[in-house]
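So this block is final38.cif, mmCIF, C-alpha atoms:
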data_final
loop_
_atom_site.label_atom_id
_atom_site.label_comp_id
_atom_site.auth_asym_id
_atom_site.auth_seq_id
_atom_site.Cartn_x
_atom_site.Cartn_y
_atom_site.Cartn_z
CA MET A 9 0.00 0.00 0.00
CA ASP A 10 1.22 3.55 -0.72
CA ALA A 11 2.21 5.47 2.36
CA ILE A 12 0.40 8.73 3.12
CA LEU A 13 3.41 10.06 4.97
CA GLU A 14 6.93 8.82 4.50
CA CYS A 15 10.21 10.14 5.89
CA ARG A 16 13.54 8.88 4.61
CA ALA A 17 16.66 9.81 6.53
CA LEU A 18 14.93 13.09 7.27
CA GLY A 19 16.87 15.73 9.18
CA LYS A 20 16.28 19.35 10.13
CA ARG A 21 18.82 21.80 11.50
CA PHE A 22 18.18 25.28 12.87
CA GLY A 23 21.66 26.81 12.84
CA ALA A 24 23.75 24.65 15.13
CA THR A 25 20.72 22.86 16.59
CA GLN A 26 19.82 19.48 15.12
CA ALA A 27 16.03 19.44 15.67
CA LEU A 28 15.48 16.14 13.84
CA GLU A 29 18.00 13.53 12.76
CA ASN A 30 17.72 10.49 10.51
CA VAL A 31 13.96 10.08 10.86
CA ASN A 32 12.53 7.09 8.98
CA ILE A 33 8.81 6.50 9.30
CA ARG A 34 5.95 5.28 7.14
CA ILE A 35 2.30 5.96 7.82
CA GLU A 36 -0.34 4.04 5.88
CA PRO A 37 -3.87 5.12 4.94
CA GLY A 38 -6.56 4.40 7.55
CA ARG A 39 -4.20 4.84 10.47
CA VAL A 40 -4.56 7.09 13.48
CA VAL A 41 -1.04 7.67 14.71
CA GLY A 42 0.19 9.34 17.87
CA LEU A 43 3.35 11.38 17.52
CA LEU A 44 4.49 11.27 21.11
CA GLY A 45 7.38 12.84 22.91
CA PRO A 46 8.32 15.29 25.62
CA ASN A 47 8.24 19.03 24.99
CA GLY A 48 10.99 20.07 22.60
CA SER A 49 11.49 16.60 21.14
CA GLY A 50 10.80 17.67 17.53
CA LYS A 51 7.08 16.87 17.12
CA THR A 52 6.03 20.28 15.82
CA THR A 53 9.08 20.46 13.54
CA LEU A 54 8.09 17.13 11.98
CA LEU A 55 4.51 18.28 11.39
CA LYS A 56 5.74 21.54 9.84
CA LEU A 57 8.03 19.60 7.51
CA ALA A 58 5.08 17.40 6.52
CA ASN A 59 2.96 20.33 5.43
CA GLY A 60 5.75 22.30 3.78
CA LEU A 61 6.06 25.13 6.32
CA LEU A 62 9.68 24.02 6.73
CA SER A 63 11.97 22.27 4.28
CA PRO A 64 14.31 19.40 5.16
CA SER A 65 18.03 19.94 5.79
CA GLU A 66 18.71 16.28 4.98
CA GLY A 67 16.79 13.40 3.48
CA GLU A 68 13.22 13.71 2.26
CA ILE A 69 9.61 13.72 3.37
CA LEU A 70 6.74 12.69 1.10
CA THR A 71 3.01 13.19 1.59
CA ALA A 72 0.89 10.92 -0.61
CA GLY A 73 4.06 10.27 -2.62
CA GLN A 74 4.84 13.94 -3.27
CA ARG A 75 7.28 16.48 -1.87
CA PRO A 76 5.37 19.10 0.14
CA GLY A 77 4.23 21.87 -2.20
CA PRO A 78 1.02 23.39 -3.57
CA ALA A 79 -0.24 20.04 -4.89
CA SER A 80 0.37 18.16 -1.63
CA LYS A 81 -1.02 21.01 0.46
CA ALA A 82 -4.41 20.37 -1.08
CA LEU A 83 -4.25 16.89 0.46
CA VAL A 84 -3.05 17.87 3.91
CA SER A 85 -5.25 19.39 6.62
CA TYR A 86 -3.23 20.95 9.42
CA LEU A 87 -4.24 22.02 12.93
CA PRO A 88 -1.43 24.17 14.37
CA ASP A 89 -0.77 24.24 18.10
CA ARG A 90 -2.03 27.81 18.44
CA THR A 91 -5.03 29.79 17.22
CA PHE A 92 -4.46 30.19 13.50
CA LEU A 93 -7.70 31.89 12.43
CA PRO A 94 -8.33 35.64 12.18
CA GLU A 95 -9.61 36.52 15.64
CA TRP A 96 -12.38 38.86 14.54
CA MET A 97 -14.17 36.12 12.60
CA GLY A 98 -17.32 34.39 13.78
CA VAL A 99 -18.78 31.09 12.57
CA PRO A 100 -20.28 32.43 9.29
CA GLN A 101 -17.00 34.14 8.29
CA LEU A 102 -15.01 31.02 9.16
CA LEU A 103 -17.20 28.87 6.92
CA HIS A 104 -16.65 31.30 4.02
CA PHE A 105 -12.93 31.50 4.75
CA TYR A 106 -12.46 27.71 4.73
CA GLY A 107 -14.75 27.28 1.73
CA ASP A 108 -12.73 29.84 -0.24
CA PHE A 109 -9.39 28.35 0.67
CA TYR A 110 -10.04 24.63 0.30
CA ALA A 111 -11.83 22.92 -2.57
CA ASP A 112 -12.30 19.81 -0.40
CA PHE A 113 -14.09 21.66 2.45
CA ASP A 114 -17.43 20.03 3.26
CA ARG A 115 -19.40 23.06 4.38
CA ALA A 116 -22.60 21.21 5.25
CA LYS A 117 -20.69 18.83 7.51
CA ALA A 118 -18.89 21.67 9.30
CA GLU A 119 -22.13 23.65 9.69
CA ASP A 120 -23.86 20.65 11.19
CA MET A 121 -21.09 20.04 13.76
CA LEU A 122 -20.79 23.75 14.59
CA ARG A 123 -24.54 24.11 15.07
CA ARG A 124 -24.43 21.40 17.70
CA LEU A 125 -21.85 23.38 19.69
CA GLY A 126 -24.49 26.07 20.21
CA ILE A 127 -22.14 29.03 19.74
CA PRO A 128 -24.02 32.32 20.19
CA GLU A 129 -24.79 34.03 16.89
CA GLY A 130 -22.12 36.55 15.92
CA GLN A 131 -19.59 35.54 18.59
CA GLN A 132 -16.04 36.23 17.43
CA ILE A 133 -13.19 33.77 17.95
CA LYS A 134 -11.46 36.12 20.36
CA HIS A 135 -14.52 35.97 22.65
CA MET A 136 -14.80 32.19 22.64
CA SER A 137 -13.52 30.07 25.54
CA LYS A 138 -10.32 28.12 24.91
CA GLY A 139 -12.28 24.87 24.74
CA THR A 140 -14.78 26.23 22.21
CA ARG A 141 -11.98 27.69 20.11
CA GLU A 142 -10.20 24.32 20.01
CA LYS A 143 -13.45 22.58 19.02
CA VAL A 144 -14.19 25.08 16.25
CA GLN A 145 -10.69 24.78 14.82
CA LEU A 146 -10.81 21.00 14.91
CA ILE A 147 -14.21 20.94 13.19
CA LEU A 148 -12.88 23.12 10.36
CA VAL A 149 -9.76 20.97 9.95
CA MET A 150 -11.68 17.66 10.06
CA SER A 151 -14.35 18.90 7.62
CA ARG A 152 -11.89 18.84 4.76
CA ALA A 153 -11.79 15.65 2.69
CA ALA A 154 -8.00 15.43 3.05
CA ARG A 155 -5.71 12.40 2.88
CA LEU A 156 -3.56 13.46 5.81
CA TYR A 157 -4.68 15.27 8.96
CA LEU A 158 -1.90 16.73 11.07
CA LEU A 159 -3.15 17.71 14.52
CA ASP A 160 -0.61 19.48 16.71
CA GLU A 161 -1.58 19.19 20.40
CA PRO A 162 -5.34 19.16 19.76
CA ILE A 163 -6.11 18.40 23.43
CA GLY A 164 -3.51 20.58 25.14
CA GLY A 165 -4.98 22.52 28.05
CA VAL A 166 -8.66 21.62 27.54
CA ASP A 167 -11.06 20.18 30.13
CA PRO A 168 -11.96 16.44 30.09
CA ALA A 169 -15.36 16.97 28.42
CA THR A 170 -13.75 18.98 25.61
CA ARG A 171 -11.05 16.35 25.26
CA ASP A 172 -13.72 13.65 24.89
CA TYR A 173 -15.53 15.75 22.31
CA ILE A 174 -12.33 16.22 20.31
CA LEU A 175 -11.41 12.52 20.37
CA ASP A 176 -14.99 11.56 19.48
CA THR A 177 -14.89 13.97 16.53
CA ILE A 178 -11.67 12.37 15.31
CA ILE A 179 -13.17 8.86 15.54
CA ARG A 180 -16.47 9.81 13.90
CA ASN A 181 -14.64 11.40 10.96
CA TYR A 182 -12.50 8.31 10.48
CA ASN A 183 -11.80 7.66 6.81
CA PRO A 184 -9.98 4.49 5.72
CA GLU A 185 -8.37 6.39 2.82
CA ALA A 186 -6.80 9.00 5.09
CA ALA A 187 -4.32 9.04 7.94
CA VAL A 188 -4.46 11.15 11.10
CA VAL A 189 -1.33 12.16 12.99
CA ILE A 190 -1.91 13.51 16.50
CA SER A 191 1.05 15.08 18.22
CA THR A 192 0.85 15.25 22.01
CA HIS A 193 2.67 14.59 25.24
CA LEU A 194 -0.64 13.63 26.93
CA ILE A 195 -0.38 9.96 25.97
CA ALA A 196 -2.87 8.49 28.44
CA ASP A 197 -5.58 10.77 27.06
CA VAL A 198 -5.24 9.71 23.41
CA GLU A 199 -3.89 6.18 23.64
CA GLN A 200 -7.25 4.43 23.11
CA VAL A 201 -7.97 6.14 19.80
CA LEU A 202 -4.58 5.35 18.27
CA ASP A 203 -3.55 2.48 16.01
CA GLU A 204 0.10 3.12 16.45
CA VAL A 205 2.58 5.44 18.06
CA VAL A 206 5.78 7.08 16.95
CA LEU A 207 7.92 7.90 19.99
CA ILE A 208 10.28 10.77 19.40
CA HIS A 209 12.97 11.98 21.77
CA GLY A 210 15.71 14.55 21.25
CA GLY A 211 15.01 14.66 17.51
CA HIS A 212 15.26 10.88 17.07
CA VAL A 213 12.47 8.39 16.47
CA VAL A 214 13.00 5.80 19.18
CA LEU A 215 10.04 3.56 18.34
CA GLN A 216 7.22 3.06 15.85
CA SER A 217 4.81 0.38 17.06
CA SER A 218 1.14 -0.52 17.32
CA VAL A 219 -0.48 0.37 20.65
CA ASP A 220 -1.66 -3.20 21.26
CA ASP A 221 1.79 -4.62 20.47
CA ILE A 222 3.28 -2.48 23.24
CA ARG A 223 0.52 -3.54 25.65
CA GLU A 224 0.95 -7.19 24.67
CA LYS A 225 4.72 -7.13 24.95
CA TYR A 226 5.17 -5.10 28.13
CA GLY A 227 1.83 -5.68 29.92
CA LYS A 228 1.37 -1.97 30.38
CA SER A 229 -0.16 0.98 28.61
CA VAL A 230 1.84 3.05 26.13
CA ASP A 231 1.70 5.81 28.73
CA GLY A 232 3.22 3.53 31.37
CA TYR A 233 5.86 2.28 28.94
CA PHE A 234 6.69 5.81 27.85
CA ARG A 235 7.14 6.99 31.45
CA GLU A 236 9.56 4.16 32.02
CA VAL A 237 11.59 4.80 28.89
CA PHE A 238 11.81 8.55 29.41
CA ARG A 239 12.23 8.57 33.17
CA CYS A 240 14.76 11.19 34.12
CA MET B 28 -23.33 -0.55 27.11
CA GLU B 29 -20.58 0.75 29.32
CA TRP B 30 -17.02 0.17 28.19
CA LYS B 31 -14.05 0.04 30.53
CA ILE B 32 -10.53 -0.09 29.14
CA ARG B 33 -7.75 -1.12 31.50
CA ASN B 34 -4.10 -0.23 31.12
CA ASP B 35 -2.40 -3.59 31.37
CA LEU B 36 -3.94 -5.51 28.46
CA PRO B 37 -4.21 -5.03 24.70
CA ILE B 38 -7.28 -2.93 23.90
CA TYR B 39 -8.68 -5.29 21.26
CA ALA B 40 -8.62 -8.23 23.70
CA GLN B 41 -10.62 -6.19 26.22
CA LEU B 42 -13.18 -5.28 23.56
CA VAL B 43 -13.54 -8.98 22.65
CA ASP B 44 -14.07 -9.82 26.31
CA GLN B 45 -16.63 -7.11 26.95
CA ILE B 46 -18.71 -7.82 23.85
CA LYS B 47 -18.63 -11.52 24.70
CA LEU B 48 -19.85 -10.66 28.20
CA ALA B 49 -22.65 -8.51 26.76
CA VAL B 50 -23.76 -11.46 24.60
CA ALA B 51 -23.44 -14.02 27.43
CA SER B 52 -25.35 -11.85 29.89
CA GLY B 53 -28.09 -10.99 27.41
CA ALA B 54 -27.24 -7.28 27.21
CA PHE B 55 -26.95 -8.00 23.48
CA SER B 56 -29.85 -10.28 22.51
CA PRO B 57 -29.47 -13.22 20.14
CA GLY B 58 -29.93 -12.05 16.56
CA GLU B 59 -29.55 -8.37 17.52
CA ARG B 60 -28.01 -6.13 14.90
CA LEU B 61 -24.83 -4.39 16.05
CA ALA B 62 -24.14 -0.71 15.40
CA SER B 63 -21.57 0.15 12.72
CA VAL B 64 -17.89 -0.31 13.56
CA ARG B 65 -17.39 3.44 13.62
CA ASP B 66 -20.32 4.02 16.01
CA MET B 67 -19.24 1.20 18.31
CA ALA B 68 -15.69 2.58 18.27
CA ALA B 69 -16.94 6.08 19.09
CA GLU B 70 -19.12 4.74 21.92
CA ALA B 71 -16.21 2.81 23.42
CA GLY B 72 -13.83 5.72 22.72
CA VAL B 73 -11.42 3.49 20.82
CA ASN B 74 -9.80 3.37 17.41
CA PRO B 75 -12.10 1.99 14.67
CA ASN B 76 -9.43 -0.44 13.44
CA THR B 77 -9.11 -1.87 16.95
CA MET B 78 -12.90 -2.36 17.16
CA GLN B 79 -12.85 -3.97 13.71
CA ARG B 80 -10.14 -6.37 14.85
CA ALA B 81 -12.18 -7.30 17.95
CA LEU B 82 -15.31 -7.95 15.87
CA GLN B 83 -13.34 -10.09 13.42
CA GLU B 84 -12.08 -12.18 16.32
CA LEU B 85 -15.66 -12.58 17.62
CA GLU B 86 -16.75 -13.56 14.13
CA ARG B 87 -14.04 -16.20 14.03
CA GLU B 88 -15.40 -17.57 17.32
CA GLY B 89 -18.93 -17.58 15.91
CA ILE B 90 -20.31 -15.12 18.48
CA VAL B 91 -21.20 -12.56 15.84
CA TYR B 92 -21.68 -12.96 12.10
CA SER B 93 -21.88 -10.52 9.25
CA GLN B 94 -24.20 -10.39 6.33
CA ARG B 95 -22.63 -8.76 3.36
CA THR B 96 -24.92 -5.75 3.11
CA ALA B 97 -27.13 -5.84 6.19
CA GLY B 98 -24.37 -5.50 8.79
CA ARG B 99 -23.23 -7.51 11.78
CA PHE B 100 -25.45 -9.55 14.10
CA VAL B 101 -25.22 -11.44 17.38
CA THR B 102 -25.42 -15.20 16.88
CA GLU B 103 -28.77 -16.94 17.43
CA ASP B 104 -27.02 -20.20 18.26
CA ALA B 105 -27.86 -20.90 21.93
CA ALA B 106 -25.01 -23.44 22.21
CA VAL B 107 -22.43 -20.86 21.13
CA ILE B 108 -23.79 -18.31 23.61
CA GLU B 109 -23.80 -20.93 26.38
CA GLU B 110 -20.20 -21.85 25.58
CA ALA B 111 -19.17 -18.15 25.65
CA LYS B 112 -20.82 -17.85 29.04
CA ARG B 113 -19.06 -20.95 30.36
CA SER B 114 -15.66 -19.86 29.10
CA LEU B 115 -16.09 -16.44 30.76
CA ALA B 116 -17.20 -18.16 33.98
CA ARG B 117 -14.20 -20.52 33.88
CA GLU B 118 -11.83 -17.62 33.34
CA ARG B 119 -13.32 -15.62 36.21
CA THR B 120 -13.23 -18.67 38.47
CA ARG B 121 -9.56 -19.18 37.66
CA ASN B 122 -8.81 -15.54 38.51
CA PHE B 123 -10.77 -15.88 41.75
CA LEU B 124 -8.91 -19.04 42.74
CA GLU B 125 -5.56 -17.41 42.00
CA ALA B 126 -6.45 -14.38 44.12
CA MET B 127 -7.59 -16.63 46.98
CA ALA B 128 -4.45 -18.77 46.73
CA ALA B 129 -2.39 -15.58 47.04
CA LEU B 130 -4.22 -14.94 50.33
CA GLY B 131 -3.52 -18.50 51.45
CA TYR B 132 -7.03 -19.92 51.00
CA SER B 133 -7.59 -23.27 49.35
CA GLY B 134 -9.57 -26.50 49.67
CA ALA B 135 -12.04 -26.86 52.56
CA GLU B 136 -11.21 -23.46 53.99
CA LEU B 137 -12.02 -21.79 50.70
CA LEU B 138 -15.28 -23.74 50.35
CA ALA B 139 -16.30 -22.77 53.90
CA LEU B 140 -15.59 -19.12 53.12
CA LEU B 141 -17.63 -19.38 49.96
CA SER B 142 -20.70 -20.95 51.56
CA GLU B 143 -20.51 -18.48 54.46
CA ASN B 144 -20.61 -15.60 51.98
CA MET B 145 -23.36 -17.16 49.92
CA GLU B 146 -25.49 -17.61 53.05
CA GLU B 147 -24.91 -14.00 54.06
CA GLU B 148 -25.99 -12.90 50.63
CA GLU B 149 -29.18 -15.01 50.84
CA HIS B 150 -30.02 -13.49 54.23
CA GLY B 151 -29.27 -10.05 52.90
CA ARG B 152 -31.76 -10.64 50.14
CA ASP B 153 -34.44 -11.96 52.56
CA SER B 154 -34.34 -9.02 54.94
#

Just give me the structure as structure tokens.
Amino acid sequence: MDAILECRALGKRFGATQALENVNIRIEPGRVVGLLGPNGSGKTTLLKLANGLLSPSEGEILTAGQRPGPASKALVSYLPDRTFLPEWMGVPQLLHFYGDFYADFDRAKAEDMLRRLGIPEGQQIKHMSKGTREKVQLILVMSRAARLYLLDEPIGGVDPATRDYILDTIIRNYNPEAAVVISTHLIADVEQVLDEVVLIHGGHVVLQSSVDDIREKYGKSVDGYFREVFRC
Amino acid sequence: MEWKIRNDLPIYAQLVDQIKLAVASGAFSPGERLASVRDMAAEAGVNPNTMQRALQELEREGIVYSQRTAGRFVTEDAAVIEEAKRSLARERTRNFLEAMAALGYSGAELLALLSENMEEEEHGRDS
């Protein structure tokens, strides 16, 4: 099967700092993958390389078989780790904005999910709670018919009910033709929705494995295993 | 149904166990149509591929079956359901015996403890 995301000997340097080194991973369609690692391990750098916001210093990265560029961007839906939408916009403006930008945006689907959030008419992003803002952004990102969804810390700093909503939205939008990469350090919270995990530490991939293989082999959760490996 | 995922076992194996329990206890009736894989996965809060794997395992064991277009159903075969029930009961009994052995109970002492508790429970129900 063709990989949706493939890294071959991928490296990224920022000046003297080696942010990523010799990364080799393959992510197949239909997979929900956790990109897990402590803060500063290179997760965000890897996601930015995958959507073409950064370019590799060494090796290569391919999304749906192509180098990141205008053509591949149409296939990749990216949720950055901070608010990325113009703050003055409300729901109607956001729907226009996404519809204008992305040919694969399913407006009806997004409208339906947004309606159920019950956001007051005319409320601007800057006046929404953090949880609501995260939900709105996720809905927009997941309403594209992309092949690769890159979600950078989608559950960072939200309450448990919002976290459940976000994970539920990811599961309900599952598409066997597409892959989802979720970057987070909150492993216990996402573990159940993942097929596999990529553990990254100090710019190196230390493990790519299925969640149930880790549980089978070590008799503990990925979270428990991770705490043991990265104990300092 | 309520799903509980523990940390120390593969997720798919726990899904197999819990669906089997739902069938054995009658929470899923014989011949009942199951929700779609995606909906079951969302309800359990697990990955759809993991739920799919669990359902395939249950299909292999004959506890559920699929019909090409209509979906997936709980078996109507009473013998299969009875066997699922017995195998769950055996497994739980084994776990119980292991836990009791760890506390130093076995043989006559264990039986006495059991009947004592069963009597208490009967009385509890009477009053």

>> What's the separation between CA of Ile195 (chain A) and CA of Gly164 (chain A), in Å to one decimal place?
In response: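 Interatomic distance, CA of Ile195 (chain A) to CA of Gly164 (chain A): 11.1 Å.
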
Hey, could you make a per-residue contact list for chain A against chain B with 7 Å as the cut-off, showing the nearest pair of atoms and its distance in Å to one decimal, counting only C-alpha atoms, sorted by chain and number, as JSON lines?
{"residue": "A:Asp176", "atom": "CA", "partner": "B:Ala69", "partner_atom": "CA", "distance": 5.8}
{"residue": "A:Ile179", "atom": "CA", "partner": "B:Ala69", "partner_atom": "CA", "distance": 5.9}
{"residue": "A:Arg180", "atom": "CA", "partner": "B:Ala69", "partner_atom": "CA", "distance": 6.4}
{"residue": "A:Gln200", "atom": "CA", "partner": "B:Val73", "partner_atom": "CA", "distance": 4.8}
{"residue": "A:Val201", "atom": "CA", "partner": "B:Asn74", "partner_atom": "CA", "distance": 4.1}
{"residue": "A:Leu202", "atom": "CA", "partner": "B:Asn74", "partner_atom": "CA", "distance": 5.6}
{"residue": "A:Asp203", "atom": "CA", "partner": "B:Asn74", "partner_atom": "CA", "distance": 6.5}
{"residue": "A:Asp220", "atom": "CA", "partner": "B:Pro37", "partner_atom": "CA", "distance": 4.7}
{"residue": "A:Arg223", "atom": "CA", "partner": "B:Pro37", "partner_atom": "CA", "distance": 5.0}
{"residue": "A:Glu224", "atom": "CA", "partner": "B:Pro37", "partner_atom": "CA", "distance": 5.6}
{"residue": "A:Gly227", "atom": "CA", "partner": "B:Asp35", "partner_atom": "CA", "distance": 4.9}
{"residue": "A:Lys228", "atom": "CA", "partner": "B:Asp35", "partner_atom": "CA", "distance": 4.2}
{"residue": "A:Ser229", "atom": "CA", "partner": "B:Asn34", "partner_atom": "CA", "distance": 4.8}

> Which distance in Å separates CA of Arg115 (chain A) and CA of Gln145 (chain A), to one decimal?
Replying inline: 13.7 Å

>> As a check of understanding, name the residues that the PyMOL selection byres ((chain B and resi 99-101) around 8) selects in the supplied structure, as an NGL selection string.
In response: :B and (50 or 55-63 or 90-94 or 97-98 or 102-103)

> With all atoms listed in the file as the atoms that count, which of B:Ala139, B:Val43, B:Ser114, B:Ala51 lies nearest to Arg87 (chain B)?
Replying inline: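 Under the stated criterion, the closest residue is B:Val43.
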
> When the PyMOL selection byres ((chain A and resi 52) around 12) is applied to the file above, which residues end up in the set, as a PyMOL selection string?
Replying inline: chain A and resi 20+27-28+43-51+53-59+61-62+86-90+158-161+189-193+208+211

>> Starting from the PyMOL selection byres ((chain A and resi 83) around 8), expand the selection into actual residues of this file and give them as a list in words.
In response: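 For this structure, the PyMOL selection byres ((chain A and resi 83) around 8) resolves to Ala72, Ala79, Ser80, Lys81, Ala82, Val84, Ser85, Ala153, Ala154, Arg155 and Leu156 of chain A.
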
>> Just checking: using all atoms listed in the file, which residue out of B:Val107, B:Met67, B:Ala116, B:Leu42 ends up closest to Arg80 (chain B)?
In response: B:Leu42

>> Could you check the closest approach to Gly19 (chain A) for each of A:Arg239, A:His212, A:Lys134, A:Lys143 and tell me which residue wins, using all atoms listed in the file?
In response: A:His212

> What is the CA of Met127 (chain B)-CA of Glu29 (chain B) distance in Å, reported with one decimal?
Replying inline: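 Distance reported for this atom pair: 28.0 Å.
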
> What's the 9 Å shell around Glu36 (chain A), counting all atoms listed in the file, without same-chain residues fewer than 6 positions away, as a ChimeraX atom specification?
Replying inline: /A:9-14,185-187

>> Let me make sure I understand: among A:Leu207, A:Gln74, A:Lys225, A:Asn181, which one has the smallest atom-to-atom distance to Val237 (chain A) if we use all atoms listed in the file?
In response: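 Among the listed residues, the smallest separation from Val237 (chain A) belongs to A:Leu207.
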
Your completed region 95-108 of chain B with N, CA and C atoms, as a PDB file, in the coordinates of the input:
ATOM      1  N   ARG B  95     -23.306  -9.659   4.280  1.00  0.00           N
ATOM      2  CA  ARG B  95     -22.630  -8.760   3.360  1.00  0.00           C
ATOM      3  C   ARG B  95     -23.140  -7.314   3.366  1.00  0.00           C
ATOM      4  N   THR B  96     -24.428  -7.126   3.212  1.00  0.00           N
ATOM      5  CA  THR B  96     -24.920  -5.750   3.110  1.00  0.00           C
ATOM      6  C   THR B  96     -25.659  -5.285   4.363  1.00  0.00           C
ATOM      7  N   ALA B  97     -26.235  -6.233   5.094  1.00  0.00           N
ATOM      8  CA  ALA B  97     -27.130  -5.840   6.190  1.00  0.00           C
ATOM      9  C   ALA B  97     -26.389  -5.441   7.465  1.00  0.00           C
ATOM     10  N   GLY B  98     -25.126  -5.869   7.602  1.00  0.00           N
ATOM     11  CA  GLY B  98     -24.370  -5.500   8.790  1.00  0.00           C
ATOM     12  C   GLY B  98     -23.973  -6.715   9.617  1.00  0.00           C
ATOM     13  N   ARG B  99     -23.726  -6.471  10.877  1.00  0.00           N
ATOM     14  CA  ARG B  99     -23.230  -7.510  11.780  1.00  0.00           C
ATOM     15  C   ARG B  99     -24.270  -7.826  12.844  1.00  0.00           C
ATOM     16  N   PHE B 100     -24.418  -9.114  13.162  1.00  0.00           N
ATOM     17  CA  PHE B 100     -25.450  -9.550  14.100  1.00  0.00           C
ATOM     18  C   PHE B 100     -24.875 -10.457  15.177  1.00  0.00           C
ATOM     19  N   VAL B 101     -25.557 -10.490  16.319  1.00  0.00           N
ATOM     20  CA  VAL B 101     -25.220 -11.440  17.380  1.00  0.00           C
ATOM     21  C   VAL B 101     -25.754 -12.805  16.961  1.00  0.00           C
ATOM     22  N   THR B 102     -24.997 -13.854  17.254  1.00  0.00           N
ATOM     23  CA  THR B 102     -25.420 -15.200  16.880  1.00  0.00           C
ATOM     24  C   THR B 102     -26.770 -15.556  17.527  1.00  0.00           C
ATOM     25  N   GLU B 103     -27.512 -16.447  16.845  1.00  0.00           N
ATOM     26  CA  GLU B 103     -28.770 -16.940  17.430  1.00  0.00           C
ATOM     27  C   GLU B 103     -28.564 -18.336  17.981  1.00  0.00           C
ATOM     28  N   ASP B 104     -27.332 -18.831  17.852  1.00  0.00           N
ATOM     29  CA  ASP B 104     -27.020 -20.200  18.260  1.00  0.00           C
ATOM     30  C   ASP B 104     -26.850 -20.267  19.783  1.00  0.00           C
ATOM     31  N   ALA B 105     -27.854 -20.863  20.458  1.00  0.00           N
ATOM     32  CA  ALA B 105     -27.860 -20.900  21.930  1.00  0.00           C
ATOM     33  C   ALA B 105     -26.628 -21.644  22.468  1.00  0.00           C
ATOM     34  N   ALA B 106     -26.164 -22.659  21.742  1.00  0.00           N
ATOM     35  CA  ALA B 106     -25.010 -23.440  22.210  1.00  0.00           C
ATOM     36  C   ALA B 106     -23.753 -22.575  22.223  1.00  0.00           C
ATOM     37  N   VAL B 107     -23.604 -21.743  21.201  1.00  0.00           N
ATOM     38  CA  VAL B 107     -22.430 -20.860  21.130  1.00  0.00           C
ATOM     39  C   VAL B 107     -22.463 -19.843  22.265  1.00  0.00           C
ATOM     40  N   ILE B 108     -23.655 -19.305  22.531  1.00  0.00           N
ATOM     41  CA  ILE B 108     -23.790 -18.310  23.610  1.00  0.00           C
ATOM     42  C   ILE B 108     -23.503 -18.972  24.961  1.00  0.00           C
TER      43      ILE B 108
END
